[in-house]
Amino acid sequence: MNDEDQPGEQRVDASTASQGPHRGTGASENQAEPGEKAGLQLEARYRSVLDLSRDGIATLTSDGAIVEANRAFADLLGIKAAEIAGMNLGRFCVNPPDWDAVRKMVESEGVLRNFEWKALTRGEAERECLLTASIIPGPDANELWYQMIVSDETDRRKSLQMLLQSDRVKALGEMAGAVAHNLRNLLQIIVSGTRLALANLESGHPEEVKAQLEQVVSSLRSAGETARLLNHFASVRGDKPLRRGRIFDLNDVVGKAVEMRQAWLEANAGRTKDKIAISTSLKPGCMVRGVENDLLEVVVNLLWNAVDAIPRGGEIALRTWSEAGQVFLEVSDTGVGIRKQDLSKVFQPFWTTKGLLGTGLGLASSYGIVSHHGGKISVKSVEGRGTTFRLELPLAERIFERAKRPKQLDVADLTCNILVVDDLEPLLRMLEGGLLKRGHRVFAASSGQEALEIFQTKEIDIVLCDLAMPEMNGWEVGKAVKKICEERGTDKTPFVLVTGWGGQREEREEMDAGGVDGVLEKPVDIGKLTEVIQELVGPRRKGGR
């Protein structure tokens with residue numbers, strides 16, 4: 001006996017389902033009374049509509065047994081329409097308790113809309129669906145049945161993800177062009193300054209050599225910051241849920257975004273007939289909590305839209321302020337504006353006025369990011385007179401970390417045993433040489449395994465470790481150092497990642513798990529390393545090792 005033929009189960013015969021249930025003595029439609037004939041015609045039309053629907057529609061009993069279902073519902077689950085009646089919905093749930101959750105919510109609210117349901121097909125494939133359900137009367141006066149409509153969102157969501165990725169790749173390419181423009185200018189200063197310094201060294205002018213080398217160092221720092229901007233933009237992770245994040249100044253984010261856009265405008269000056277002027281008015285105290293990279297993406301998106309809105313040149317103004325526990329950012333332009341009837345659509349995915357030049361995803365993505373940060377984004381516009389976007393984010397209490405730190409030891413008094421780990425020999429030797437000149441004792445390791453061998457046998461005050469290394473990366477070295485300290489029963493040795501990859505500071509959970517006390521982004525100078533050593537080793541040294 002098949003499971004569909006078990007006693008007590010209801011079964012719909014495909015040969016009669018489209019004709020409606022038999023009534024009375026089985027008289028044909030032509031022999032039926034006028035009222036009954038109209039009812040049969042209505043039911044036939046109802047079933048025709050069900051079969052034409054692209055959404056799955058099914059009727060279920062309170063225990064999840066499928067009474068009847070249309071073709072779309074059967075196709076979604078990979079079942080023949082003639083077989084589905086009598087089966088239980090639970091066998092098609094990735095999460096079996098889903099049906100009980102649906103039933104309870106429908107009973108509580110009367111109607112359940114857009115419930116996120118993961119369906120499991122007969123072929124064990126998962127489908128992401130939106131489920132809407134309501135109560136209908138059953139054949140027994142004391143029995144409740146449930147009507148449900150299921151929309152398969154799997155393919156649409158995959159397409160949306162691909163378009164979002166494409167949009168970000170395009171934006172990243174444009175940012176890369178702006179960064180390349182900046183780097184070429186900085187490299188010109190570095191090359192020319194170095195050659196002048198060499199010439200003055202040969203001619204015996206040490207003051208000129210010093211001034212030119214200082215200019216080279218300043219340009220190198222600017223180049224490092226430019227690379228960081230690109231790295232921050234590239235490391236936005238839209239597929240990860242928002243963590244608690246960290247506290248930072250929204251004004252810094254605005255400054256980075258403006259710098260990136262200014263560089264692009266300078267590199268593409270010919271794209272506009274007239275000049276685009278960008279001004280800022282940034283009030284202090286605009287501290288927010290979240291993921292800095294994501295909010296940078298939002299501001300860059302708003303700036304990009306403002307530039308597009310003034311193809312013949314104009315002004316863009318950004319201003320920030322805080323009041324009543326909120327931080328505000330406004331981005332205004334003097335451009336073409338948005339029609340009144342279109343204002344309600346600007347944050348909808350795929351809606352755009354740019355035709356083939358736009359995907360309609362930038363503002364939709366920005367809306368999602370701001371919402372996940374507990375904020376709001378709104379727009380005001382007058383056609384022909386410009387547009388203003390406003391962001392509103394919760395104000396975060398500023399933490400004055402440096403003011404709370406204990407007084408540090410003088411550099412001269414703080415001679416440390418430092419373990420430096422990097423798989424690039426030139427970088428390793430430069431760090432080693434700089435720290436040696438500051439009076440520290442340095443142990444150099446070119447791999448994670450070599451570093452652990454040194455750590456096991458030497459008394460180390462602090463570890464400075466590269467992130468991206470073969471065989472064992474910086475996170476893994478940090479975890480191993482933490483474990484060794486735990487096995488010894490000693491306080492954990494301070495551990496700092498030194499990396500060329502941006503966005504690591506937001507990985508708070510991984511930092512805590514790996515025993516990482518701080519992250520420094522390359523290029524980093526010896527002065528910055530000295531500050532970190534003072535902050536992390538100084539209090540331990542004062543308290544006794």
# chains A, B, ... in the order shown; residues from 1 in each chain; ligands from 1
>>> select_by_dssp(residues="stretch 294-475 of chain A", states="alpha helix (DSSP H)", output="PyMOL selection string")
chain A and resi 294-309+362-372+401-404+425-437+448-457+474-475
>>> closest_residue(among="A:Val299, A:Met287, A:Leu395, A:Val379", to="A:Ala324", atoms="only C-alpha atoms")
A:Leu395
>>> closest_residue(among="A:Arg127, A:Ser371, A:Gly527, A:Trp145", to="A:Lys158", atoms="only C-alpha atoms")
A:Arg127
>>> closest_residue(among="A:Leu427, A:Ile247, A:Ala211, A:Met469", to="A:His373", atoms="only C-alpha atoms")
A:Ile247
>>> residues_around(residues="A:Ile462", least_positions_apart="6", cutoff="6 Å", atoms="only C-alpha atoms", output="PDB file with all heavy atoms, in the first residue's frame")
ATOM      1  N   ILE A 418      60.905  41.786  21.946  1.00  0.00           N
ATOM      2  CA  ILE A 418      59.844  41.850  20.943  1.00  0.00           C
ATOM      3  C   ILE A 418      60.032  40.746  19.914  1.00  0.00           C
ATOM      4  O   ILE A 418      61.121  40.600  19.340  1.00  0.00           O
ATOM      5  CB  ILE A 418      59.836  43.224  20.240  1.00  0.00           C
ATOM      6  CG1 ILE A 418      59.685  44.348  21.264  1.00  0.00           C
ATOM      7  CG2 ILE A 418      58.714  43.295  19.206  1.00  0.00           C
ATOM      8  CD1 ILE A 418      59.803  45.738  20.676  1.00  0.00           C
ATOM      9  N   THR A 493      50.407  37.238  26.625  1.00  0.00           N
ATOM     10  CA  THR A 493      51.354  38.209  26.078  1.00  0.00           C
ATOM     11  C   THR A 493      50.639  39.077  25.042  1.00  0.00           C
ATOM     12  O   THR A 493      49.912  38.566  24.191  1.00  0.00           O
ATOM     13  CB  THR A 493      52.542  37.482  25.413  1.00  0.00           C
ATOM     14  OG1 THR A 493      53.190  36.674  26.386  1.00  0.00           O
ATOM     15  CG2 THR A 493      53.522  38.474  24.808  1.00  0.00           C
ATOM     16  N   PRO A 494      50.833  40.407  25.096  1.00  0.00           N
ATOM     17  CA  PRO A 494      50.204  41.277  24.097  1.00  0.00           C
ATOM     18  C   PRO A 494      50.553  40.839  22.672  1.00  0.00           C
ATOM     19  O   PRO A 494      51.708  40.508  22.379  1.00  0.00           O
ATOM     20  CB  PRO A 494      50.777  42.657  24.417  1.00  0.00           C
ATOM     21  CG  PRO A 494      51.109  42.586  25.878  1.00  0.00           C
ATOM     22  CD  PRO A 494      51.569  41.183  26.117  1.00  0.00           C
ATOM     23  N   PHE A 495      49.532  40.848  21.803  1.00  0.00           N
ATOM     24  CA  PHE A 495      49.708  40.357  20.428  1.00  0.00           C
ATOM     25  C   PHE A 495      49.077  41.370  19.478  1.00  0.00           C
ATOM     26  O   PHE A 495      47.902  41.730  19.616  1.00  0.00           O
ATOM     27  CB  PHE A 495      49.035  38.994  20.271  1.00  0.00           C
ATOM     28  CG  PHE A 495      49.319  38.304  18.967  1.00  0.00           C
ATOM     29  CD1 PHE A 495      50.344  37.367  18.871  1.00  0.00           C
ATOM     30  CD2 PHE A 495      48.575  38.596  17.834  1.00  0.00           C
ATOM     31  CE1 PHE A 495      50.607  36.731  17.663  1.00  0.00           C
ATOM     32  CE2 PHE A 495      48.834  37.967  16.627  1.00  0.00           C
ATOM     33  CZ  PHE A 495      49.856  37.028  16.545  1.00  0.00           C
TER      34      PHE A 495
END
>>> atom_distance(atom1="atom CA of A:Ile79", atom2="atom CA of A:Glu116")
21.3 Å
>>> residues_around(residues="A:Thr388", least_positions_apart="5", cutoff="10 Å", atoms="only C-alpha atoms", output="list in words")
Leu302, Ala306, Ile316, Ala317, Leu318, Glu330, Val331, Ser332, Asp333, Thr334, Gly337, Ser378, Val379, Lys380, Ser381 and Val382 of chain A
>>> write_last_selection(atoms="N, CA and C atoms", output="compact mmCIF listing (two decimals), in the first residue's frame")
# COMPACT_ATOMS: atom_id res chain seq x y z
N LEU A 302 25.71 58.26 -2.08
CA LEU A 302 24.97 59.53 -2.12
C LEU A 302 25.75 60.59 -2.90
N ALA A 306 24.65 62.47 -6.39
CA ALA A 306 24.67 63.92 -6.50
C ALA A 306 25.45 64.37 -7.73
N ILE A 316 27.63 70.61 -4.50
CA ILE A 316 27.24 69.52 -3.59
C ILE A 316 27.69 69.93 -2.20
N ALA A 317 26.79 69.88 -1.25
CA ALA A 317 27.11 70.28 0.13
C ALA A 317 26.82 69.13 1.08
N LEU A 318 27.76 68.85 1.98
CA LEU A 318 27.57 67.84 3.02
C LEU A 318 27.70 68.51 4.37
N GLU A 330 23.44 65.35 5.99
CA GLU A 330 22.70 65.76 4.80
C GLU A 330 23.64 65.91 3.62
N VAL A 331 23.23 65.36 2.49
CA VAL A 331 23.96 65.50 1.23
C VAL A 331 23.02 66.19 0.25
N SER A 332 23.35 67.44 -0.12
CA SER A 332 22.48 68.24 -0.98
C SER A 332 23.18 68.57 -2.28
N ASP A 333 22.41 68.65 -3.36
CA ASP A 333 22.96 69.06 -4.65
C ASP A 333 22.04 70.09 -5.30
N THR A 334 22.56 70.81 -6.25
CA THR A 334 21.78 71.82 -6.97
C THR A 334 21.40 71.30 -8.36
N GLY A 337 16.97 67.43 -9.71
CA GLY A 337 15.87 67.09 -8.81
C GLY A 337 15.15 65.81 -9.22
N SER A 378 16.14 59.51 4.36
CA SER A 378 14.98 60.12 3.71
C SER A 378 15.47 61.06 2.61
N VAL A 379 14.54 61.51 1.78
CA VAL A 379 14.90 62.36 0.66
C VAL A 379 13.87 63.47 0.49
N LYS A 380 14.34 64.66 0.15
CA LYS A 380 13.49 65.78 -0.23
C LYS A 380 14.03 66.34 -1.55
N SER A 381 13.12 66.70 -2.45
CA SER A 381 13.58 67.19 -3.75
C SER A 381 12.51 68.05 -4.40
N VAL A 382 12.98 69.02 -5.17
CA VAL A 382 12.11 69.84 -6.01
C VAL A 382 12.66 69.74 -7.42
>>> closest_atom_pairs(of="stretch 435-523 of chain A", to="stretch 531-540 of chain A", cutoff="12 Å", atoms="only C-alpha atoms", output="Markdown table")
| residue | atom | partner | partner_atom | distance |
| --- | --- | --- | --- | --- |
| A:Leu435 | CA | A:Ile533 | CA | 10.7 |
| A:Arg438 | CA | A:Ile533 | CA | 11.5 |
| A:His440 | CA | A:Ile533 | CA | 10.6 |
| A:Ile460 | CA | A:Val537 | CA | 10.6 |
| A:Asp461 | CA | A:Val537 | CA | 6.8 |
| A:Ile462 | CA | A:Val537 | CA | 7.1 |
| A:Val463 | CA | A:Ile533 | CA | 9.7 |
| A:Leu464 | CA | A:Ile533 | CA | 9.7 |
| A:Asp491 | CA | A:Arg540 | CA | 9.5 |
| A:Lys492 | CA | A:Arg540 | CA | 10.6 |
| A:Thr493 | CA | A:Val537 | CA | 8.8 |
| A:Pro494 | CA | A:Leu536 | CA | 6.4 |
| A:Phe495 | CA | A:Leu536 | CA | 8.9 |
| A:Val496 | CA | A:Val532 | CA | 8.7 |
| A:Leu497 | CA | A:Val532 | CA | 11.3 |
| A:Val498 | CA | A:Val532 | CA | 11.4 |
| A:Val516 | CA | A:Leu536 | CA | 11.4 |
| A:Asp517 | CA | A:Leu536 | CA | 8.2 |
| A:Gly518 | CA | A:Val532 | CA | 8.4 |
| A:Val519 | CA | A:Val532 | CA | 9.8 |
| A:Leu520 | CA | A:Val532 | CA | 9.1 |
